[in-house]
file upload.txt (compact mmCIF, C-alpha atoms)
# COMPACT_ATOMS: atom_id res chain seq x y z
CA MET Y 168 -6.82 -2.13 -14.46
CA PRO Y 169 -9.29 0.77 -14.24
CA ALA Y 170 -7.99 2.62 -11.10
CA VAL Y 171 -7.72 6.18 -12.45
CA THR Y 172 -7.03 6.67 -16.16
CA ILE Y 173 -6.90 9.64 -18.52
CA GLU Y 174 -7.11 9.72 -22.30
CA ASN Y 175 -4.31 12.24 -22.80
CA PRO Y 176 -1.53 12.12 -20.17
CA LEU Y 177 0.22 14.96 -22.00
CA ALA Y 178 -2.47 17.29 -20.63
CA LEU Y 179 -1.21 16.61 -17.09
CA PRO Y 180 1.66 18.29 -15.23
CA ARG Y 181 4.85 16.51 -16.19
CA ILE Y 182 7.72 15.19 -14.14
CA THR Y 183 10.99 16.64 -15.38
CA ARG Y 184 13.56 14.02 -16.22
CA PRO Y 185 16.58 14.45 -13.90
CA SER Y 186 19.89 15.49 -15.41
CA THR Y 187 22.41 12.65 -15.31
CA THR Y 188 25.24 15.19 -14.98
CA GLU Y 189 23.77 16.71 -11.81
CA SER Y 190 21.98 13.72 -10.27
CA VAL Y 191 22.91 10.17 -9.34
CA ALA Y 192 20.66 7.34 -10.51
CA ARG Y 193 19.89 4.70 -7.90
CA GLY Y 194 21.01 1.18 -8.66
CA VAL Y 195 19.17 -1.90 -7.41
CA ALA Y 196 20.47 -3.42 -4.18
CA THR Y 197 18.23 -6.50 -4.21
CA VAL Y 198 15.18 -8.06 -5.88
CA ILE Y 199 12.59 -9.93 -3.80
CA THR Y 200 9.98 -12.28 -5.24
CA ALA Y 201 6.80 -12.08 -3.15
CA HIS Y 202 5.65 -15.25 -1.43
CA ARG Y 203 1.98 -16.22 -1.39
CA GLN Y 204 -0.16 -16.77 1.68
CA LEU Y 205 -3.75 -16.73 2.87
CA GLU Y 206 -5.11 -13.78 4.80
CA GLY Y 207 -8.41 -12.61 6.30
CA ALA Y 208 -11.26 -15.04 5.67
CA GLY Y 209 -9.21 -17.01 3.16
CA PHE Y 210 -8.10 -14.77 0.28
CA GLU Y 211 -4.63 -15.19 -1.21
CA VAL Y 212 -2.08 -12.38 -1.32
CA ARG Y 213 1.41 -11.89 -2.64
CA ARG Y 214 3.66 -10.52 0.13
CA PRO Y 215 7.12 -9.18 -0.77
CA PHE Y 216 7.74 -8.09 2.81
CA PRO Y 217 8.12 -9.13 5.49
CA GLY Y 218 9.63 -12.32 4.17
CA GLY Y 219 12.54 -11.99 1.79
CA LEU Y 220 12.83 -8.48 3.16
CA SER Y 221 12.49 -8.01 6.93
CA MET Y 222 10.49 -5.26 8.65
CA ARG Y 223 13.77 -3.69 9.69
CA ASP Y 224 15.07 -3.64 6.12
CA ALA Y 225 11.74 -2.27 4.79
CA ASP Y 226 11.84 0.67 7.27
CA PRO Y 227 9.65 2.77 7.54
CA PHE Y 228 7.25 0.20 6.07
CA LEU Y 229 6.20 -3.02 7.76
CA MET Y 230 4.20 -5.03 5.25
CA LEU Y 231 2.94 -4.96 1.67
CA ASP Y 232 0.11 -7.28 0.56
CA HIS Y 233 -0.99 -7.54 -3.06
CA LEU Y 234 -4.41 -9.09 -3.77
CA GLY Y 235 -5.22 -10.13 -7.34
CA PRO Y 236 -6.04 -9.28 -9.94
CA GLN Y 237 -8.53 -12.04 -9.09
CA PHE Y 238 -11.95 -12.75 -10.52
CA TYR Y 239 -14.67 -13.76 -8.05
CA GLU Y 240 -17.75 -15.67 -9.13
CA PRO Y 241 -21.04 -14.42 -7.60
CA ASN Y 242 -21.30 -15.08 -3.84
CA THR Y 243 -17.62 -16.00 -3.43
CA ALA Y 244 -15.76 -12.72 -2.72
CA THR Y 245 -14.28 -12.48 0.76
CA GLY Y 246 -12.40 -10.02 2.96
CA ALA Y 247 -11.02 -9.42 6.44
CA PRO Y 248 -13.56 -9.60 9.32
CA TRP Y 249 -13.15 -7.58 12.53
CA HIS Y 250 -9.59 -7.50 13.88
CA PRO Y 251 -7.41 -5.11 15.95
CA HIS Y 252 -4.34 -2.98 15.18
CA ARG Y 253 -1.98 -0.83 17.23
CA GLY Y 254 1.21 1.11 16.54
CA PHE Y 255 1.10 1.80 12.79
CA GLU Y 256 -1.03 2.87 9.81
CA THR Y 257 -2.80 0.72 7.20
CA VAL Y 258 -3.16 2.08 3.66
CA THR Y 259 -5.58 0.19 1.39
CA TYR Y 260 -5.56 1.14 -2.31
CA ILE Y 261 -8.16 -0.34 -4.68
CA MET Y 262 -7.58 -0.68 -8.42
CA ASP Y 263 -10.46 -3.02 -9.30
CA GLY Y 264 -13.57 -3.95 -7.33
CA GLU Y 265 -14.71 -2.42 -4.06
CA LEU Y 266 -14.58 -2.97 -0.31
CA ALA Y 267 -16.47 -1.52 2.63
CA HIS Y 268 -14.76 -0.55 5.88
CA HIS Y 269 -16.05 -0.13 9.43
CA ASP Y 270 -14.01 0.73 12.52
CA THR Y 271 -14.59 1.36 16.20
CA ASN Y 272 -13.48 4.99 15.87
CA GLY Y 273 -16.42 5.88 13.65
CA GLY Y 274 -14.51 5.78 10.36
CA GLY Y 275 -15.65 3.88 7.32
CA GLY Y 276 -17.29 3.80 3.94
CA VAL Y 277 -16.95 2.18 0.53
CA ILE Y 278 -13.49 2.06 -1.03
CA GLY Y 279 -14.01 1.95 -4.80
CA GLU Y 280 -11.77 1.80 -7.86
CA GLY Y 281 -8.96 4.33 -7.53
CA ASP Y 282 -9.78 5.10 -3.88
CA THR Y 283 -7.47 4.84 -0.88
CA GLN Y 284 -8.37 4.21 2.75
CA TRP Y 285 -5.73 5.52 5.17
CA MET Y 286 -6.29 4.31 8.71
CA THR Y 287 -4.04 5.37 11.57
CA ALA Y 288 -4.42 2.62 14.17
CA GLY Y 289 -2.24 4.50 16.66
CA SER Y 290 -3.23 3.63 20.24
CA GLY Y 291 -5.60 0.92 19.04
CA ILE Y 292 -8.61 0.27 16.85
CA LEU Y 293 -10.77 -2.57 15.58
CA HIS Y 294 -11.89 -2.63 11.94
CA ASP Y 295 -13.07 -4.82 9.11
CA GLU Y 296 -12.73 -4.72 5.32
CA LEU Y 297 -15.29 -6.78 3.42
CA PRO Y 298 -16.77 -6.86 -0.09
CA THR Y 299 -19.80 -4.66 -0.55
CA GLU Y 300 -23.10 -6.47 -1.07
CA ARG Y 301 -22.93 -5.51 -4.76
CA MET Y 302 -19.43 -6.99 -5.12
CA TYR Y 303 -20.42 -10.14 -3.24
CA ARG Y 304 -23.69 -10.76 -5.08
CA ALA Y 305 -22.50 -9.96 -8.61
CA GLY Y 306 -18.86 -11.01 -8.36
CA GLY Y 307 -16.15 -9.40 -10.46
CA THR Y 308 -12.46 -8.61 -10.49
CA MET Y 309 -10.68 -7.55 -7.32
CA HIS Y 310 -7.24 -5.93 -7.38
CA ALA Y 311 -5.88 -4.13 -4.33
CA VAL Y 312 -2.84 -3.53 -2.18
CA GLN Y 313 -2.46 -2.86 1.52
CA LEU Y 314 0.63 -1.15 2.89
CA TRP Y 315 1.53 -0.96 6.58
CA VAL Y 316 3.42 2.21 7.54
CA ASN Y 317 5.26 2.19 10.85
CA LEU Y 318 4.92 4.95 13.45
CA PRO Y 319 7.83 6.20 15.57
CA ALA Y 320 7.72 5.52 19.32
CA SER Y 321 6.51 9.07 19.98
CA LEU Y 322 3.39 8.43 17.86
CA LYS Y 323 2.63 4.78 18.60
CA MET Y 324 -0.18 5.79 20.94
CA THR Y 325 -1.51 8.68 18.87
CA GLN Y 326 -5.27 9.10 18.47
CA PRO Y 327 -6.69 6.80 15.75
CA ARG Y 328 -7.91 8.54 12.60
CA TYR Y 329 -9.39 7.68 9.21
CA GLN Y 330 -8.75 9.31 5.84
CA SER Y 331 -10.81 8.61 2.75
CA ILE Y 332 -8.79 9.57 -0.32
CA THR Y 333 -11.09 9.31 -3.33
CA LYS Y 334 -9.78 8.84 -6.84
CA ASP Y 335 -10.75 12.43 -7.64
CA ALA Y 336 -8.32 13.65 -4.97
CA LEU Y 337 -5.26 11.83 -6.34
CA ARG Y 338 -2.51 13.98 -7.83
CA LEU Y 339 -2.23 12.87 -11.47
CA LEU Y 340 1.10 13.39 -13.23
CA ALA Y 341 2.78 12.32 -16.45
CA SER Y 342 6.36 11.45 -17.30
CA ASP Y 343 8.27 13.95 -19.42
CA ASP Y 344 7.28 12.22 -22.68
CA GLY Y 345 3.74 11.26 -21.60
CA GLY Y 346 4.55 7.55 -21.64
CA ALA Y 347 3.69 7.07 -17.97
CA LEU Y 348 0.67 8.06 -15.88
CA ILE Y 349 1.48 8.53 -12.20
CA ARG Y 350 -1.11 8.59 -9.43
CA LEU Y 351 0.51 10.22 -6.42
CA ILE Y 352 -1.24 9.02 -3.26
CA ALA Y 353 0.97 10.55 -0.58
CA GLY Y 354 4.19 12.47 -0.10
CA ASP Y 355 6.32 14.52 -2.47
CA LEU Y 356 7.43 13.40 -5.92
CA ALA Y 357 9.55 15.64 -8.12
CA GLY Y 358 8.08 18.77 -6.53
CA PHE Y 359 4.45 17.58 -6.54
CA THR Y 360 2.49 16.63 -3.40
CA GLY Y 361 -0.08 13.86 -2.91
CA PRO Y 362 -3.27 14.19 -0.86
CA GLY Y 363 -2.49 11.65 1.88
CA SER Y 364 -1.67 13.13 5.30
CA THR Y 365 1.18 11.11 6.80
CA HIS Y 366 2.66 10.90 10.28
CA THR Y 367 5.79 9.23 8.89
CA PRO Y 368 7.42 11.03 5.91
CA ILE Y 369 6.91 8.79 2.86
CA THR Y 370 6.25 8.87 -0.89
CA TYR Y 371 3.67 6.45 -2.32
CA ALA Y 372 2.59 6.35 -5.97
CA HIS Y 373 1.11 4.04 -8.63
CA ALA Y 374 2.50 4.37 -12.15
CA SER Y 375 1.18 2.89 -15.41
CA ILE Y 376 3.97 2.81 -18.01
CA THR Y 377 3.25 2.08 -21.67
CA ALA Y 378 5.27 -0.57 -23.51
CA GLY Y 379 8.84 0.59 -24.12
CA ALA Y 380 8.41 3.85 -22.18
CA GLU Y 381 10.57 4.94 -19.23
CA LEU Y 382 9.76 6.89 -16.11
CA ALA Y 383 12.68 8.75 -14.53
CA THR Y 384 11.91 10.81 -11.45
CA ALA Y 385 13.78 12.60 -8.70
CA TRP Y 386 13.66 10.79 -5.35
CA ASN Y 387 14.51 12.18 -1.92
CA PRO Y 388 18.06 10.90 -1.23
CA ALA Y 389 17.24 10.59 2.50
CA PHE Y 390 14.35 8.22 1.72
CA SER Y 391 14.46 4.50 1.12
CA ALA Y 392 13.20 3.58 -2.36
CA MET Y 393 11.36 0.50 -3.61
CA ALA Y 394 9.40 -0.50 -6.71
CA TYR Y 395 6.86 -3.33 -6.76
CA VAL Y 396 5.39 -4.68 -10.03
CA LEU Y 397 1.61 -5.11 -9.96
CA THR Y 398 1.32 -6.34 -13.56
CA GLY Y 399 3.69 -6.65 -16.50
CA GLN Y 400 7.45 -6.60 -16.66
CA GLY Y 401 10.37 -4.33 -17.42
CA THR Y 402 13.62 -3.05 -15.95
CA VAL Y 403 14.45 -0.77 -13.01
CA GLY Y 404 17.40 1.19 -11.75
CA ALA Y 405 20.64 2.47 -13.23
CA ASP Y 406 21.69 -1.15 -13.81
CA GLU Y 407 18.44 -2.00 -15.66
CA ARG Y 408 17.58 -4.99 -13.51
CA PRO Y 409 14.71 -7.13 -14.90
CA LEU Y 410 11.54 -7.02 -12.79
CA GLN Y 411 8.16 -8.72 -13.30
CA THR Y 412 4.77 -9.15 -11.64
CA GLY Y 413 5.08 -9.94 -7.94
CA GLN Y 414 8.69 -8.77 -7.62
CA LEU Y 415 10.04 -5.94 -5.48
CA ALA Y 416 13.21 -3.98 -6.25
CA VAL Y 417 15.02 -2.29 -3.37
CA PHE Y 418 17.15 0.61 -4.59
CA GLY Y 419 20.52 1.68 -3.30
CA PRO Y 420 21.63 5.29 -2.68
CA GLY Y 421 21.13 8.13 -5.15
CA ASP Y 422 18.67 10.91 -5.92
CA PHE Y 423 16.58 9.61 -8.82
CA ILE Y 424 15.03 6.33 -9.94
CA THR Y 425 14.19 4.88 -13.34
CA VAL Y 426 11.59 2.32 -14.41
CA ARG Y 427 11.11 1.05 -17.99
CA ALA Y 428 8.30 -1.17 -19.28
CA ALA Y 429 9.36 -3.97 -21.61
CA ALA Y 430 8.75 -3.12 -25.27
CA ARG Y 431 7.21 -6.56 -25.86
CA GLU Y 432 4.77 -6.09 -22.94
CA GLN Y 433 1.66 -5.16 -24.91
CA GLU Y 434 -0.26 -3.93 -21.87
CA GLY Y 435 2.71 -2.06 -20.43
CA MET Y 436 3.60 -2.26 -16.74
CA ASP Y 437 1.86 -1.13 -13.56
CA ILE Y 438 4.15 -0.51 -10.64
CA LEU Y 439 4.08 0.89 -7.10
CA LEU Y 440 6.80 3.35 -6.13
CA LEU Y 441 7.32 3.70 -2.40
CA GLY Y 442 9.89 4.88 0.09
CA GLY Y 443 10.27 6.93 3.21
CA LEU Y 444 12.46 8.31 5.95
CA PRO Y 445 13.74 5.34 8.00
CA ILE Y 446 12.64 5.41 11.64
CA ARG Y 447 15.51 3.24 12.88
CA GLU Y 448 13.90 2.17 16.16
CA PRO Y 449 13.50 -1.30 17.70
CA ILE Y 450 10.58 -3.29 16.29
CA ALA Y 451 8.53 -5.71 18.37
CA HIS Y 452 5.53 -7.26 16.64
CA TYR Y 453 2.89 -9.86 17.25
CA GLY Y 454 0.22 -10.29 14.59
CA PRO Y 455 -1.68 -6.99 14.27
CA PHE Y 456 0.40 -5.14 16.88
CA VAL Y 457 3.72 -3.41 16.10
CA MET Y 458 5.47 -1.68 18.98
CA ASN Y 459 9.01 -1.11 20.26
CA SER Y 460 9.28 -3.67 23.05
CA ARG Y 461 7.90 -7.00 24.23
CA GLU Y 462 6.33 -5.28 27.23
CA GLU Y 463 4.37 -2.97 24.91
CA ILE Y 464 3.15 -5.97 22.91
CA LEU Y 465 1.92 -7.67 26.09
CA GLN Y 466 0.13 -4.46 27.05
CA ALA Y 467 -1.48 -4.28 23.59
CA MET Y 468 -2.77 -7.84 23.95
CA GLU Y 469 -4.21 -7.07 27.39
CA ASP Y 470 -5.82 -3.85 26.16
CA PHE Y 471 -7.42 -5.67 23.24
CA GLN Y 472 -8.72 -8.48 25.44
CA LYS Y 473 -10.23 -5.97 27.87
CA GLY Y 474 -11.96 -3.97 25.14
CA ARG Y 475 -9.78 -0.87 25.43
CA MET Y 476 -9.31 -0.70 21.65
CA GLY Y 477 -13.02 -0.37 21.06
CA ILE Y 478 -16.10 -2.58 21.02
CA ILE Y 479 -17.59 -4.04 17.85
CA PRO Y 480 -21.10 -2.59 17.38
CA ALA Y 481 -23.87 -5.08 18.10
CA SER Y 482 -25.21 -4.56 14.57
CA GLN Y 483 -21.94 -5.89 13.19
CA MET Y 484 -21.68 -8.99 15.35
CA LYS Y 485 -23.63 -11.48 13.23
CA PRO Y 486 -21.66 -13.69 10.79
CA ARG Y 487 -21.61 -12.19 7.30
CA ASN Y 488 -19.79 -12.47 3.98
CA PHE Y 489 -20.17 -8.86 2.93
CA ALA Y 490 -20.36 -5.45 4.56

call {"tool": "encode", "arguments": {"input": "upload.txt", "output": "structure tokens"}}
result
Amino acid sequence: MPAVTIENPLALPRITRPSTTESVARGVATVITAHRQLEGAGFEVRRPFPGGLSMRDADPFLMLDHLGPQFYEPNTATGAPWHPHRGFETVTYIMDGELAHHDTNGGGGVIGEGDTQWMTAGSGILHDELPTERMYRAGGTMHAVQLWVNLPASLKMTQPRYQSITKDALRLLASDDGGALIRLIAGDLAGFTGPGSTHTPITYAHASITAGAELATAWNPAFSAMAYVLTGQGTVGADERPLQTGQLAVFGPGDFITVRAAAREQEGMDILLLGGLPIREPIAHYGPFVMNSREEILQAMEDFQKGRMGIIPASQMKPRNFA
């Protein structure tokens, strides 16, 4: 898993381990095993929520899709052709491989290893995410996640925007003993701030933990807290619940979280840490639209059908397998 690596994590700023006498470790409320389904033009993803965990229970998040790691033979890689969104933000993080993005708001570019694409759909946008010609022609390993972040009612119709967060912009941190490398994408973690600009207050990070090592970090007690295993296995929470690839742990209350990679796991464990301030508003959704009422969903469908969310450029209309 290339993403972003560093030879000596001890050279990075370190996250101070919380004091157990002054802080309360979060236990695990539930563990969800992601189900598998096809998306886009036919690629398979693991999806921990919605499913075993509803959109309401995942608040302020709506969906998490995990693609790969999957090896594509030459001329077989696929992606998600043009489609609309309204009412939330999509966050695509690439660990292996590369995708190209276009949207009707003028955003776009190549998302490479370690890069993040943060797209605020807001009032409405059309976009695609497809393999680059290089990825399609040569093949290779693809490993990525896409997170949907909800927007409160007051921001559902905000102006669409696009953020390209390159791997060089990520905030790199280490655990107190150097056994974990943390890539902070957005939000605050133990006093450090990630580069992503968020409408909804969240924390989003990717941690690589060496075999037998533990990451313990402060976590905003007002935020929800979840951990999703990308590869490997270990334990999470004050109760040391077992967790493995494709499983999501939802933490209970407290002000710090712990994650430990299994000692027998030679490659260690890669895990997403995510949480945010719950919005606690009604959720109405239909496919790529997430609003607060049925009437707003019907309006979104009408606006899409009448081209009010943008028009696909003529140069992008022909059938294609890559960007």

call {"tool": "closest_residue", "arguments": {"input": "upload.txt", "among": "Y:Met222, Y:Met436, Y:Ala341, Y:Ala192", "to": "Trp315 of chain Y", "atoms": "all atoms listed in the file"}}
result
Y:Met222

call {"tool": "atom_distance", "arguments": {"input": "upload.txt", "atom1": "atom CA of Arg203 of chain Y", "atom2": "atom CA of Pro215 of chain Y"}}
result
8.7 Å

call {"tool": "closest_residue", "arguments": {"input": "upload.txt", "among": "Y:Ile446, Y:Met458, Y:Met393, Y:Ile173", "to": "Pro368 of chain Y", "atoms": "only C-alpha atoms"}}
result
Y:Ile446

call {"tool": "closest_residue", "arguments": {"input": "upload.txt", "among": "Y:Pro248, Y:Gly474, Y:Gly413, Y:Pro445", "to": "Leu231 of chain Y", "atoms": "all atoms listed in the file"}}
result
Y:Gly413

call {"tool": "atom_distance", "arguments": {"input": "upload.txt", "atom1": "atom CA of Leu297 of chain Y", "atom2": "atom CA of Ile278 of chain Y"}}
result
10.1 Å

call {"tool": "atom_distance", "arguments": {"input": "upload.txt", "atom1": "atom CA of Pro236 of chain Y", "atom2": "atom CA of Glu407 of chain Y"}}
result
26.2 Å

call {"tool": "closest_residue", "arguments": {"input": "upload.txt", "among": "Y:Ala320, Y:Ala347, Y:Ala394, Y:Ile450", "to": "Pro409 of chain Y", "atoms": "all atoms listed in the file"}}
result
Y:Ala394

call {"tool": "closest_atom_pairs", "arguments": {"input": "upload.txt", "of": "segment 355-409 of chain Y", "to": "segment 181-187 of chain Y", "cutoff": "7 Å", "atoms": "all atoms listed in the file", "output": "Markdown table"}}
result
| residue | atom | partner | partner_atom | distance |
| --- | --- | --- | --- | --- |
| Y:Ala357 | CA | Y:Ile182 | CA | 6.3 |
| Y:Ala383 | CA | Y:Arg184 | CA | 5.6 |
| Y:Thr384 | CA | Y:Arg184 | CA | 6.0 |
| Y:Ala385 | CA | Y:Pro185 | CA | 6.2 |

call {"tool": "residues_near_point", "arguments": {"input": "upload.txt", "point": "(8.6, -4.0, -14.3)", "cutoff": "9 Å", "atoms": "only C-alpha atoms", "output": "list in words"}}
result
Ala394, Tyr395, Val396, Leu397, Thr398, Gly399, Gln400, Gly401, Thr402, Val403, Pro409, Leu410, Gln411, Thr412, Gln414, Val426, Arg427, Ala428, Ala429, Gly435, Met436, Asp437 and Ile438 of chain Y

call {"tool": "closest_residue", "arguments": {"input": "upload.txt", "among": "Y:Ser364, Y:Thr283, Y:Gln466, Y:Ser460", "to": "Thr259 of chain Y", "atoms": "all atoms listed in the file"}}
result
Y:Thr283

call {"tool": "closest_atom_pairs", "arguments": {"input": "upload.txt", "of": "segment 246-280 of chain Y", "to": "segment 478-482 of chain Y", "cutoff": "10 Å", "atoms": "only C-alpha atoms", "output": "Markdown table"}}
result
| residue | atom | partner | partner_atom | distance |
| --- | --- | --- | --- | --- |
| Y:Trp249 | CA | Y:Ile479 | CA | 7.8 |
| Y:His250 | CA | Y:Ile479 | CA | 9.6 |
| Y:His269 | CA | Y:Ile479 | CA | 9.4 |
| Y:Asp270 | CA | Y:Ile479 | CA | 8.0 |
| Y:Thr271 | CA | Y:Ile479 | CA | 6.4 |
| Y:Asn272 | CA | Y:Ile478 | CA | 9.5 |

call {"tool": "residues_around", "arguments": {"input": "upload.txt", "residues": "Gly477 of chain Y", "least_positions_apart": "4", "cutoff": "12 Å", "atoms": "all atoms listed in the file", "output": "NGL selection string"}}
result
:Y and (249-253 or 270-273 or 288 or 290-294 or 327 or 470-473)

call {"tool": "residues_around", "arguments": {"input": "upload.txt", "residues": "Asp224 of chain Y", "least_positions_apart": "3", "cutoff": "10 Å", "atoms": "only C-alpha atoms", "output": "list in words"}}
result
Phe216, Pro217, Gly219, Leu220, Ser221, Pro227, Phe228, Leu229, Ser391, Val417, Pro445 and Arg447 of chain Y

call {"tool": "residues_near_point", "arguments": {"input": "upload.txt", "point": "(4.7, -1.0, 19.7)", "cutoff": "6 Å", "atoms": "all atoms listed in the file", "output": "ChimeraX atom specification"}}
result
/Y:254,457-459,463

call {"tool": "build_atoms", "arguments": {"input": "upload.txt", "residues": "segment 182-190 of chain Y", "atoms": "all heavy atoms", "output": "PDB file, in the coordinates of the input"}}
result
ATOM      1  N   ILE Y 182       6.540  15.339 -14.977  1.00  0.00           N
ATOM      2  CA  ILE Y 182       7.720  15.190 -14.140  1.00  0.00           C
ATOM      3  C   ILE Y 182       8.954  15.402 -15.007  1.00  0.00           C
ATOM      4  O   ILE Y 182       9.140  14.722 -16.019  1.00  0.00           O
ATOM      5  CB  ILE Y 182       7.743  13.782 -13.493  1.00  0.00           C
ATOM      6  CG1 ILE Y 182       6.635  13.674 -12.453  1.00  0.00           C
ATOM      7  CG2 ILE Y 182       9.102  13.496 -12.873  1.00  0.00           C
ATOM      8  CD1 ILE Y 182       6.506  12.304 -11.848  1.00  0.00           C
ATOM      9  N   THR Y 183       9.777  16.348 -14.625  1.00  0.00           N
ATOM     10  CA  THR Y 183      10.990  16.640 -15.380  1.00  0.00           C
ATOM     11  C   THR Y 183      12.006  15.531 -15.196  1.00  0.00           C
ATOM     12  O   THR Y 183      12.284  15.104 -14.071  1.00  0.00           O
ATOM     13  CB  THR Y 183      11.599  17.979 -14.930  1.00  0.00           C
ATOM     14  OG1 THR Y 183      10.625  19.011 -15.090  1.00  0.00           O
ATOM     15  CG2 THR Y 183      12.842  18.318 -15.731  1.00  0.00           C
ATOM     16  N   ARG Y 184      12.553  15.072 -16.303  1.00  0.00           N
ATOM     17  CA  ARG Y 184      13.560  14.020 -16.220  1.00  0.00           C
ATOM     18  C   ARG Y 184      14.837  14.587 -15.597  1.00  0.00           C
ATOM     19  O   ARG Y 184      15.351  15.625 -16.031  1.00  0.00           O
ATOM     20  CB  ARG Y 184      13.865  13.494 -17.626  1.00  0.00           C
ATOM     21  CG  ARG Y 184      14.828  12.318 -17.641  1.00  0.00           C
ATOM     22  CD  ARG Y 184      15.112  11.847 -19.058  1.00  0.00           C
ATOM     23  NE  ARG Y 184      16.021  10.723 -19.025  1.00  0.00           N
ATOM     24  CZ  ARG Y 184      15.640   9.467 -18.884  1.00  0.00           C
ATOM     25  NH1 ARG Y 184      14.348   9.193 -18.788  1.00  0.00           N
ATOM     26  NH2 ARG Y 184      16.514   8.488 -18.841  1.00  0.00           N
ATOM     27  N   PRO Y 185      15.368  13.936 -14.549  1.00  0.00           N
ATOM     28  CA  PRO Y 185      16.580  14.450 -13.900  1.00  0.00           C
ATOM     29  C   PRO Y 185      17.776  14.455 -14.841  1.00  0.00           C
ATOM     30  O   PRO Y 185      17.902  13.604 -15.723  1.00  0.00           O
ATOM     31  CB  PRO Y 185      16.795  13.460 -12.739  1.00  0.00           C
ATOM     32  CG  PRO Y 185      15.462  12.817 -12.522  1.00  0.00           C
ATOM     33  CD  PRO Y 185      14.835  12.738 -13.873  1.00  0.00           C
ATOM     34  N   SER Y 186      18.664  15.415 -14.632  1.00  0.00           N
ATOM     35  CA  SER Y 186      19.890  15.490 -15.410  1.00  0.00           C
ATOM     36  C   SER Y 186      20.906  14.486 -14.871  1.00  0.00           C
ATOM     37  O   SER Y 186      21.193  14.457 -13.668  1.00  0.00           O
ATOM     38  CB  SER Y 186      20.473  16.901 -15.325  1.00  0.00           C
ATOM     39  OG  SER Y 186      21.802  16.930 -15.800  1.00  0.00           O
ATOM     40  N   THR Y 187      21.442  13.664 -15.747  1.00  0.00           N
ATOM     41  CA  THR Y 187      22.410  12.650 -15.310  1.00  0.00           C
ATOM     42  C   THR Y 187      23.761  13.282 -14.950  1.00  0.00           C
ATOM     43  O   THR Y 187      24.593  12.640 -14.303  1.00  0.00           O
ATOM     44  CB  THR Y 187      22.619  11.597 -16.400  1.00  0.00           C
ATOM     45  OG1 THR Y 187      22.983  12.256 -17.631  1.00  0.00           O
ATOM     46  CG2 THR Y 187      21.340  10.804 -16.621  1.00  0.00           C
ATOM     47  N   THR Y 188      23.982  14.528 -15.339  1.00  0.00           N
ATOM     48  CA  THR Y 188      25.240  15.190 -14.980  1.00  0.00           C
ATOM     49  C   THR Y 188      25.172  15.820 -13.592  1.00  0.00           C
ATOM     50  O   THR Y 188      26.196  16.081 -12.965  1.00  0.00           O
ATOM     51  CB  THR Y 188      25.603  16.279 -16.012  1.00  0.00           C
ATOM     52  OG1 THR Y 188      24.537  17.238 -16.063  1.00  0.00           O
ATOM     53  CG2 THR Y 188      25.813  15.665 -17.383  1.00  0.00           C
ATOM     54  N   GLU Y 189      23.942  16.075 -13.115  1.00  0.00           N
ATOM     55  CA  GLU Y 189      23.770  16.710 -11.810  1.00  0.00           C
ATOM     56  C   GLU Y 189      23.173  15.784 -10.759  1.00  0.00           C
ATOM     57  O   GLU Y 189      23.158  16.128  -9.581  1.00  0.00           O
ATOM     58  CB  GLU Y 189      22.869  17.944 -11.961  1.00  0.00           C
ATOM     59  CG  GLU Y 189      23.431  19.002 -12.902  1.00  0.00           C
ATOM     60  CD  GLU Y 189      22.471  20.141 -13.117  1.00  0.00           C
ATOM     61  OE1 GLU Y 189      21.355  20.097 -12.548  1.00  0.00           O
ATOM     62  OE2 GLU Y 189      22.812  21.089 -13.853  1.00  0.00           O
ATOM     63  N   SER Y 190      22.642  14.644 -11.189  1.00  0.00           N
ATOM     64  CA  SER Y 190      21.980  13.720 -10.270  1.00  0.00           C
ATOM     65  C   SER Y 190      22.583  12.322 -10.397  1.00  0.00           C
ATOM     66  O   SER Y 190      23.187  11.982 -11.421  1.00  0.00           O
ATOM     67  CB  SER Y 190      20.473  13.654 -10.569  1.00  0.00           C
ATOM     68  OG  SER Y 190      19.894  14.936 -10.527  1.00  0.00           O
TER      69      SER Y 190
END
